[in-house]
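A quick write-up on the structure given underneath.
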Amino acid sequence: MLRQIAISCIVVVLALPAVARTRPHYGGTLRVEVEGDPWQRPGGLARRVVLDGLTAMSLDGTARPALAVEWKSENDDQRWQFRLRPGVHFHDGTTLTSANVVASLTAICGAGCPWTAIHAVGASVVFTSDSPLPNLPALLAGDNYLIALTGAGNTATPPGTVGTGPFQFGNSSNGVLILAANDNCWQGRPFLDAIEIHTHRSIHDQWLDMSIGRADLVEVPAEQLRQAHEQRLTVVASPPVSLLALTVSDSGALASPNLRASIALAVDRSSLFNVIFQKQGEITASLLPAELTGYSFLFSADRDVNRAHELRGGVPPPGLIIAAEGAPAMQLAAQRVALNLRDAGYNVQVAAAGVPQHIDLTLRRLPLESNQPQPAMESILRAAGLAIPVLEQTPAGLYKVEREILGAHLLIPLLYLPRAYAVSGRVRDLHLGPDGAPALAGASLEDAP
Amino acid sequence: MNLRQKLLLLLSLMVAIIVAAVAWTVLVRIRQVFEQRDQEETALFVSQFQREFQHRSAEVAASVDRIAASEHARSMAFELAQSGDASPYLNEAQTLAQDAQLDFLEIVGPDGNVVSSAQWPARFGYFEPIAWADQPTFLKTEDLPDGSSALGLFAYRAIGHSESTAEPVRVIGGRRLDRSFLADLPIAPGMQIALYRHEDQSPAATQQRHLGPDMFLFDPKRLIGTAGDVPHADRYEPLINSAFDKGQQTNSILYLTNRREDSVSATAIPLQSDTGAVLAVLVVAISRNGMVEAQQHIRAIAYGVAAGGILLAILASLWIAARVSRPIEQLAQAAEEVAAGNWETHVPQGGHDEIGTLARSFNHMTGQLVSQRDRLVQTERVAAWRELARRLAHELKNPLFPLQLTVENLVRARELPVAEFDEVFRESTHTLGMEIANLKTIIGRFSDFSRMPKPQLERIDANQALRRVAQLYFPATAHGAQATNDDAIPEAKIQCTLEIASDPIFIDVDPELLHRALSNLVLNAMDAMPNGGSLTLSATSREDKVEIRIADTGEGLTPEECERLFTPYYTTKQHGTGLGLAIVQSVVADHNGAIAVECRVGGGATFVITLPRAGESKS
């Protein structure tokens, strides 16, 4: 019996560290390296941890309360009222008020807001619109509508960096941004003491720093996912969260719909998918992924050069300019599209950097900011600069709308792409949000004291 | 131009021509030597450059060889052959090109499609249209993503190829022939390398090619040197066009500006593809500045030496001309003096050459002339005295003979009665008085001739002087231009015509002396027309002279008479003293004039007196 008790004690003692290991530790500094600006919209890491939105996106794609605890719509979704969470303070101690929220949202989008007017009514913020805004809560969960303190007169922090998030601006020098934990965060204190973000680091340098233990979280572009796996990096990747698409100008040389249709048929999506993006993501000819709508297979993604020639109708090839937003892979993809279009008889040049000129085609990554079809389509159309029609709630209605949108050939979907990061072994509990951004507030470090 | 100047000009011209010919010959030879050296130097530089170019080609081939032989490439080729999946190697070419320091690199799969491209990464999957011939290196125009194209020096190798596999994986690498490539090449001082390439990708250039080489339009901006644009690129057009047309290396000397220093010895080397098409022209230009400056320096020295030589030659010619011409000039001057009457002239008799002989002969001749003149003068003097004595004897004999007869008659009359004696005495004394008066007159004339008075000049009208003479001997002329001597016998009536202008003709003369001279001529004319005739007096103005003519229609004069007419004591009259015309000539000469006679046998004679016209200021 005594022997059994002793053995049991030994087992318990041995099991205690394992239990302790599964529990997150407070403290430590997470070293993050990014290629761009952490404050940029959308997808800036610093924005995501410093600022909060009125709503947040849950893992199932629905909007959940954040700075707003509840909301309701009236007048056929043309009037929304969001009641703010009480007791929330900005990092400088300023209490979150409806006036702060109104000022922040007004400063963000100005006259380009999807709503017509925004008012502070007591502890609530009221949005009014001439047209229905059924997806406003999901929209406000997006990266574009995070709340920052405006007009505070605080010169210690750069404008737009005082929020209510789990981390607050510490300092910034020599390309290193320090974010400190916000002990008074309404969500509770994060596990990490600080986040050290090294900005403007190339992917190569990020991976090098990761390999020698100088970084805990680095970016992995979709086109380099396979390479990251080959280098045995620990990669966390999101499902497809952005749409690689070609936006087509309806003015200038491509004013003719036939020419735009010809271009849509001339693009070889498979080469983009297989080679440039290394078989990451998926090929698409629809705006929304099949898992959201179920009808994306109805849009053909096959290339048909002969048909493209026919649609061009023997018209002398107009000189077109294609531009690409973002990383080198996008430039490469733009060059590939240009090559594809040359096969169809077009004379396409990739836009030279810094030379102002009329752009006929733009290769862009459009974020899917929601797991719900309508908000996702809204976000894509809004990011593409296209008019947002009334979106049907039924799949058939949504398909009809999407077919009409794609029929204009102003937006040519190419690929869905994931978002991925490589993490070091000392990082625990790091998950990617619905938009592919890492949820740093919930992460902790293995070797934290 | 005198003899000295002619000699100087001739000698100087000869020397200048000789010096110029020598200088020209030397300069031409020097230029030939310089140009030959320049050509040799250019050929050497071009040869060195071509070797360096080949060396760069070998470097490219070696780089491609190393890539193809690397384990990494062999592994990639193996996996490609096994899986056929080219996607993992999208950026492989860029990495390999960067490591091998190549501008172009493409990996081509067994199917001939591009697996990876360093210069155009998006070109994966496209077919590589290249003829896989067995050649170490070749030139190729490579298309680039921006729509342009670039010329490159390429080499390709198969990666791990064995006979068992149908088609190997190939790697094609190259270096871009551009400004940086040119800049890496060793360039000698004064050497410039440039590359001309037409943009064959553009539709316009393609069209130009279809039109033929002659239609190729030269664009100076496409000539790129190591430092960018090539100055005066348009001057290279003929050379580059020739290289394009012929496909052969072409040499030429190009003058970039109007200055000869800004010239280059240029060689255009056509860069041809494996099919023989001229893709570009490499221009190697070597400045001729140093050579031209050296030539100019030598030319300046040659010109200076030639100028100095010519100057010295002129001075020497001057000395020689002076030495040769001086005796001749002295002879000429002496001859002029002899001609002027100075027969005492002598010239120096230096040397024993022909000039010296001539001088001695000249001196001897002048000595002979002086001697003969002296003898002639002596002879004439004796003849003059004899003539004077004869004339005096003749003149005095005529009055003396009546005197003698009268005295003898008076002596004989002494025997007569007083009354008769008185009558004879009275007649004799009368005759004696007359003859003595006659003697006085004769003596007075001789006295007048011996001492002519100095003219007292006054400004008179020549017309008035003639009118005065005419009025003296033909009073009727006061009323008209013509008058007749009414006192003469009817058979000997002389008609006088006065031809004078209404405007006065002023002369500065002694009026009395001129009157005496004119009167003498008129009297002589009247004597020459004993049977009557016509006498014409006229005065005309000829520039700065006044010509007075007294013309008669008498018997005229023989040439011999004309020659001796103004000789003193020569007369054609029976009772003339022969001093009248001599006095007239003396008067005319004292007034700086001249007198001449125009003789016509049987047709009268005209005496022409020419006197200087009075100056305008004096009038």
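Quick note on naming: the chains in the structure tokens go A, B, ... in the order shown, residues restart at 1 in each chain, and ligands are numbered from 1 in order of appearance.
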Quiz item: When the cut-off is 9 Å and we count only C-alpha atoms, which residues of chain A are near chain B, given as a count of residues only?
Solution: 23
Report as a PDB file with N, CA and C atoms, in the first residue's frame all protein, DNA and RNA residues lying within 8 Å of B:Ala69, evaluated on only C-alpha atoms, omitting residues in the same chain fewer than 4 positions from it.
ATOM      1  N   ASP B  65      29.362  26.294 -67.841  1.00  0.00           N
ATOM      2  CA  ASP B  65      29.905  24.948 -67.591  1.00  0.00           C
ATOM      3  C   ASP B  65      29.851  24.604 -66.104  1.00  0.00           C
ATOM      4  N   ALA B  73      22.674  21.529 -59.813  1.00  0.00           N
ATOM      5  CA  ALA B  73      22.010  21.516 -61.112  1.00  0.00           C
ATOM      6  C   ALA B  73      21.717  20.095 -61.559  1.00  0.00           C
ATOM      7  N   ARG B  74      22.657  19.206 -61.307  1.00  0.00           N
ATOM      8  CA  ARG B  74      22.434  17.799 -61.707  1.00  0.00           C
ATOM      9  C   ARG B  74      21.251  17.216 -60.949  1.00  0.00           C
ATOM     10  N   ILE B 159      22.686  19.614 -68.820  1.00  0.00           N
ATOM     11  CA  ILE B 159      22.990  19.233 -67.442  1.00  0.00           C
ATOM     12  C   ILE B 159      22.862  17.714 -67.320  1.00  0.00           C
ATOM     13  N   GLY B 160      24.008  17.088 -67.004  1.00  0.00           N
ATOM     14  CA  GLY B 160      24.013  15.653 -66.748  1.00  0.00           C
ATOM     15  C   GLY B 160      23.384  14.853 -67.850  1.00  0.00           C
TER      16      GLY B 160
END
Practice problem: Would you return as an MDAnalysis selection string the members of stretch 75-289 of chain A that DSSP assigns to strand (DSSP E) on this structure's backbone? | Solution: chainID A and resid 79:84 117:121 124:128 146:147 167:173 176:181 194:198 217:220 234:237 242:248 282:283
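Atom to atom, atom CA of B:Met14 and atom CA of B:Gly350 stand 28.4 Å apart.
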Practice problem: Can you pull out every residue within 12 Å of B:Pro270, counting only C-alpha atoms, but drop anything in the same chain fewer than 6 positions away, and send it as JSON, numbers by chain? | Solution: {"B": [50, 139, 194, 195, 196, 197, 239, 240, 241, 242, 243, 244, 245, 246, 247, 248, 249, 250, 251, 276, 277, 278, 279, 280, 281, 282, 283, 284]}
Practice problem: Would you mind telling me which residue in A:Gln231, A:Glu392, A:Gly313, A:Leu244 lies nearest to A:Gly326 when using only C-alpha atoms? | Solution: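 Closest to A:Gly326 of all the choices is A:Leu244.
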Exercise. Please identify which residues in stretch 79-202 of chain A DSSP calls helix (DSSP H, G or I) from the backbone, and express them as a list of chain:residue names.
Key: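 Here is the list: A:Ser98, A:Ala99, A:Asn100, A:Val101, A:Val102, A:Ala103, A:Ser104, A:Leu105, A:Thr106, A:Ala107, A:Ile108, A:Cys109, A:Gly110, A:Ala111, A:Gly112, A:Leu136, A:Pro137, A:Ala138, A:Leu139, A:Leu140, A:Asp143, A:Asn144, A:Tyr145.
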Self-check item: Contact residues around stretch 254-268 of chain A with only C-alpha atoms at 7 Å, ignoring same-chain residues under 6 positions, as a list in words
Solution: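 Once the adjacent positions are removed, what remains is Arg303, Asp304, Val305, Ala308, His309, Leu311, Arg312, Val337, Asn340, Leu341, Ala344, Ala408, His409 and Ile412 of chain A.
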With N, CA and C atoms retained, could you export that selection as a short mmCIF file (atom, residue, chain, number, x, y, z; two decimals), in the first residue's frame?
data_model
loop_
_atom_site.label_atom_id
_atom_site.label_comp_id
_atom_site.auth_asym_id
_atom_site.auth_seq_id
_atom_site.Cartn_x
_atom_site.Cartn_y
_atom_site.Cartn_z
N ARG A 303 -8.54 28.57 -69.35
CA ARG A 303 -8.01 29.56 -70.30
C ARG A 303 -8.44 29.17 -71.70
N ASP A 304 -8.84 30.16 -72.51
CA ASP A 304 -9.24 29.89 -73.89
C ASP A 304 -8.69 31.02 -74.77
N VAL A 305 -7.49 30.77 -75.24
CA VAL A 305 -6.81 31.83 -76.02
C VAL A 305 -7.51 32.07 -77.35
N ALA A 308 -10.37 34.12 -76.81
CA ALA A 308 -9.90 35.47 -76.50
C ALA A 308 -9.57 36.23 -77.77
N HIS A 309 -8.92 35.54 -78.70
CA HIS A 309 -8.62 36.15 -80.00
C HIS A 309 -9.91 36.54 -80.71
N LEU A 311 -12.81 37.19 -79.41
CA LEU A 311 -13.47 38.33 -78.77
C LEU A 311 -12.74 39.64 -79.08
N ARG A 312 -11.48 39.52 -79.26
CA ARG A 312 -10.73 40.74 -79.62
C ARG A 312 -11.16 41.21 -81.00
N VAL A 337 0.80 37.52 -66.35
CA VAL A 337 -0.47 37.90 -66.98
C VAL A 337 -0.19 38.67 -68.27
N ASN A 340 0.61 36.18 -70.83
CA ASN A 340 -0.62 35.51 -71.28
C ASN A 340 -1.37 36.38 -72.27
N LEU A 341 -1.45 37.67 -71.95
CA LEU A 341 -2.22 38.56 -72.83
C LEU A 341 -1.52 38.79 -74.16
N ALA A 344 -2.59 36.37 -76.54
CA ALA A 344 -3.90 36.66 -77.12
C ALA A 344 -3.86 37.88 -78.02
N ALA A 408 -19.43 41.86 -66.17
CA ALA A 408 -18.90 43.16 -66.64
C ALA A 408 -17.40 43.09 -66.87
N HIS A 409 -16.76 42.04 -66.33
CA HIS A 409 -15.32 41.81 -66.50
C HIS A 409 -14.48 42.99 -66.02
N ILE A 412 -11.60 40.36 -62.37
CA ILE A 412 -11.36 38.99 -62.83
C ILE A 412 -10.70 38.22 -61.70
#
Exercise. List the neighbours of stretch 136-147 of chain A out to 7 Å using only C-alpha atoms; skip same-chain residues closer than 3 positions along the sequence, and give me the result as number ranges by chain.
Key: A: 41-43, 51-57, 62-63, 101, 104-105, 133, 163, 369-370, 375
How would the residues just chosen look if you wrote them out with N, CA and C atoms as an mmCIF file, in the first residue's frame?
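Full text of result.cif as output:
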data_model
loop_
_atom_site.group_PDB
_atom_site.id
_atom_site.type_symbol
_atom_site.label_atom_id
_atom_site.label_comp_id
_atom_site.auth_asym_id
_atom_site.auth_seq_id
_atom_site.Cartn_x
_atom_site.Cartn_y
_atom_site.Cartn_z
ATOM 1 N N ARG A 41 -3.043 49.631 -43.322
ATOM 2 C CA ARG A 41 -4.338 48.980 -43.491
ATOM 3 C C ARG A 41 -4.367 48.319 -44.852
ATOM 4 N N PRO A 42 -4.909 47.142 -45.004
ATOM 5 C CA PRO A 42 -5.337 46.262 -43.920
ATOM 6 C C PRO A 42 -4.192 45.327 -43.518
ATOM 7 N N GLY A 43 -4.351 44.662 -42.443
ATOM 8 C CA GLY A 43 -3.446 43.582 -42.070
ATOM 9 C C GLY A 43 -2.271 43.986 -41.228
ATOM 10 N N LEU A 51 -5.459 48.489 -31.474
ATOM 11 C CA LEU A 51 -6.785 49.065 -31.661
ATOM 12 C C LEU A 51 -7.841 47.959 -31.620
ATOM 13 N N ASP A 52 -9.003 48.357 -31.209
ATOM 14 C CA ASP A 52 -10.144 47.449 -31.216
ATOM 15 C C ASP A 52 -11.227 48.043 -32.096
ATOM 16 N N GLY A 53 -12.108 47.179 -32.574
ATOM 17 C CA GLY A 53 -13.264 47.633 -33.326
ATOM 18 C C GLY A 53 -14.504 47.596 -32.448
ATOM 19 N N LEU A 54 -15.572 48.160 -32.999
ATOM 20 C CA LEU A 54 -16.833 48.060 -32.266
ATOM 21 C C LEU A 54 -17.258 46.605 -32.159
ATOM 22 N N THR A 55 -16.941 45.867 -33.225
ATOM 23 C CA THR A 55 -17.241 44.436 -33.192
ATOM 24 C C THR A 55 -15.963 43.691 -33.531
ATOM 25 N N ALA A 56 -15.979 42.411 -33.352
ATOM 26 C CA ALA A 56 -14.865 41.556 -33.744
ATOM 27 C C ALA A 56 -15.437 40.342 -34.453
ATOM 28 N N MET A 57 -14.576 39.716 -35.257
ATOM 29 C CA MET A 57 -15.023 38.577 -36.031
ATOM 30 C C MET A 57 -14.754 37.294 -35.256
ATOM 31 N N THR A 62 -19.002 35.239 -37.792
ATOM 32 C CA THR A 62 -20.046 36.172 -37.368
ATOM 33 C C THR A 62 -19.423 37.248 -36.488
ATOM 34 N N ALA A 63 -20.112 38.375 -36.419
ATOM 35 C CA ALA A 63 -19.616 39.487 -35.606
ATOM 36 C C ALA A 63 -19.949 39.227 -34.143
ATOM 37 N N VAL A 101 -15.647 57.508 -30.611
ATOM 38 C CA VAL A 101 -15.871 56.528 -31.676
ATOM 39 C C VAL A 101 -16.290 57.227 -32.963
ATOM 40 N N SER A 104 -13.349 58.953 -34.473
ATOM 41 C CA SER A 104 -12.390 58.017 -35.065
ATOM 42 C C SER A 104 -12.896 57.484 -36.395
ATOM 43 N N LEU A 105 -14.142 57.062 -36.438
ATOM 44 C CA LEU A 105 -14.683 56.504 -37.680
ATOM 45 C C LEU A 105 -14.788 57.567 -38.772
ATOM 46 N N LEU A 133 -27.907 48.457 -44.712
ATOM 47 C CA LEU A 133 -26.567 47.977 -44.396
ATOM 48 C C LEU A 133 -26.714 46.719 -43.538
ATOM 49 N N GLY A 163 -5.160 53.353 -28.705
ATOM 50 C CA GLY A 163 -6.404 52.628 -28.822
ATOM 51 C C GLY A 163 -6.791 52.008 -27.485
ATOM 52 N N GLU A 369 -12.901 39.599 -45.605
ATOM 53 C CA GLU A 369 -12.900 39.996 -44.203
ATOM 54 C C GLU A 369 -13.945 39.258 -43.375
ATOM 55 N N SER A 370 -14.612 38.314 -43.986
ATOM 56 C CA SER A 370 -15.656 37.625 -43.232
ATOM 57 C C SER A 370 -15.796 36.201 -43.749
ATOM 58 N N PRO A 375 -21.008 39.657 -46.318
ATOM 59 C CA PRO A 375 -19.947 40.582 -45.890
ATOM 60 C C PRO A 375 -18.641 40.361 -46.650
#
Quiz item: If we count only C-alpha atoms, what is near stretch 287-295 of chain A at a cut-off of 7 Å, once residues fewer than 6 positions away on the same chain are taken out, given as a list in words?
Solution: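 With the cut-off at 7 Å, the set is Gln372, Pro373, Met377, Pro395 and Pro413 of chain A.
Neighbours of A:Asn182 closer than or equal to 7 Å, with only C-alpha atoms counted and sequence neighbours fewer than 2 positions away skipped, come out as A:Pro166, A:Phe167, A:Gln168, A:Ala180, A:Asn184, A:Cys185, A:Arg189.
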Quiz prompt | d(atom CA of B:Gly290, atom CA of B:Glu261) in Å | solution = 7.7 Å
Quiz item: How many Å lie between atom CA of A:Ser129 and atom CA of A:Lys400, rounded to one decimal?
Solution: 24.6 Å
